[in-house]
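*Asks:* Before anything else, here's the structure in question.
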Amino acid sequence: MPEYREKLWASPAPYVATALIIPASILVFAPISMFAGILIAAGLYAACVLTLILSAPMIQVANGEVIAGRARISAELVGEVLPFEGDEAVLERGRRLDARAWLLIRGWIRPVVRIPIVDETDPAPYWLVSTRHPQKLAAAINGSRRPASGD
């Protein structure tokens with residue numbers, strides 16, 4: 001049973017923005033056939049919506065494992081997870097960002113969590129993951145970690 005699960009659905013803005021393909025397609029195909037233009041516009045918009053839906057990554061914490069999109073790591077290999085919101089999240093995605101970090105960020109989701117990687121063989125110092133619930137995700141990951149044997 002997952003301790004935390006979140007699908008990073010797109011906000012309404014990308015759906016509205018991709019709707020601009022409708023008048024553009026009609027404009028291009030109207031001289032040939034208005035009916036064809038409308039059909040192609042509907043098909044292209046449907047493809048855009050389907051792409052947004054199918055490409056929405058899942059974040060999950062379950063069975064001592066952290067899964068973010070296609071990446072997964074044992075919770076034992078991560079350090080203390082920190083949530084960031086507002087201006088702090090902007091800084092984490094911008095000026096404070098380490099170029100070696102592994103990213104799963106979405107522009108329409110502002111809050112992020114930084115998941116430090118303590119595995120010395122991993123080239124990424126941390127994961128930076130977008131989430132709508134940074135406090136809950138950080139608590140779920142931090143709660144799934146086992147204390148080190150020396151603690």
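Identifiers in the structure tokens: chain A, B, ... in order shown; residue index from 1 per chain; ligand index from 1 in order shown.
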At a cut-off of 6 Å, using only C-alpha atoms, what residues contact stretch 112-123 of chain A? Leave out same-chain residues fewer than 4 positions from it and give the result as a CSV table (one decimal) with C-alpha atoms, in the first residue's frame.

*Replies:*
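Generated file (around18.csv):
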```csv
chain,number,residue,atom,x,y,z
A,77,LEU,CA,19.7,5.9,0.1
A,78,VAL,CA,18.2,9.3,0.6
A,79,GLY,CA,18.9,11.9,3.3
A,81,VAL,CA,14.0,15.6,2.5
A,82,LEU,CA,13.3,19.3,2.5
A,83,PRO,CA,10.1,20.9,1.2
A,84,PHE,CA,10.1,24.3,-0.5
A,89,ALA,CA,11.0,26.9,-4.4
A,127,TRP,CA,16.5,14.9,-6.8
A,128,LEU,CA,14.4,18.0,-7.2
A,129,VAL,CA,10.7,17.0,-7.6
A,130,SER,CA,7.6,19.1,-8.2
A,131,THR,CA,4.7,18.4,-5.9
A,134,PRO,CA,5.6,19.3,-0.4
```

*Asks:* Calculated over only C-alpha atoms, which of the candidates A:Ala56, A:Ala41, A:Cys48, A:Ile73 has the smallest distance to A:Phe29?

*Replies:* A:Ala41

*Asks:* Can you work out which one of A:Ile40, A:Leu52, A:Ala140, A:Leu103 has the shortest atom-to-atom distance to A:Val16, counting only C-alpha atoms?

*Replies:* A:Leu52

*Asks:* Which of these residues is nearest to A:Ser11, using only C-alpha atoms: A:Asp87, A:Glu80, A:Trp108, A:Gly37?

*Replies:*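 Smallest separation from A:Ser11 among the options: A:Trp108.
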
*Asks:* Any chance you could list, as a ChimeraX atom specification, the residues in stretch 60-151 of chain A that come up strand (DSSP E or B) when DSSP is run on the backbone?

*Replies:* /A:60-62,65-68,71-74,78,82-84,102-104,112-117,126-130

*Asks:* Can you list every residue in chain A that DSSP puts in alpha helix (DSSP H), as a VMD selection string?

*Replies:* chain A and resid 12 to 18 21 to 29 34 to 54 86 to 93 134 to 144
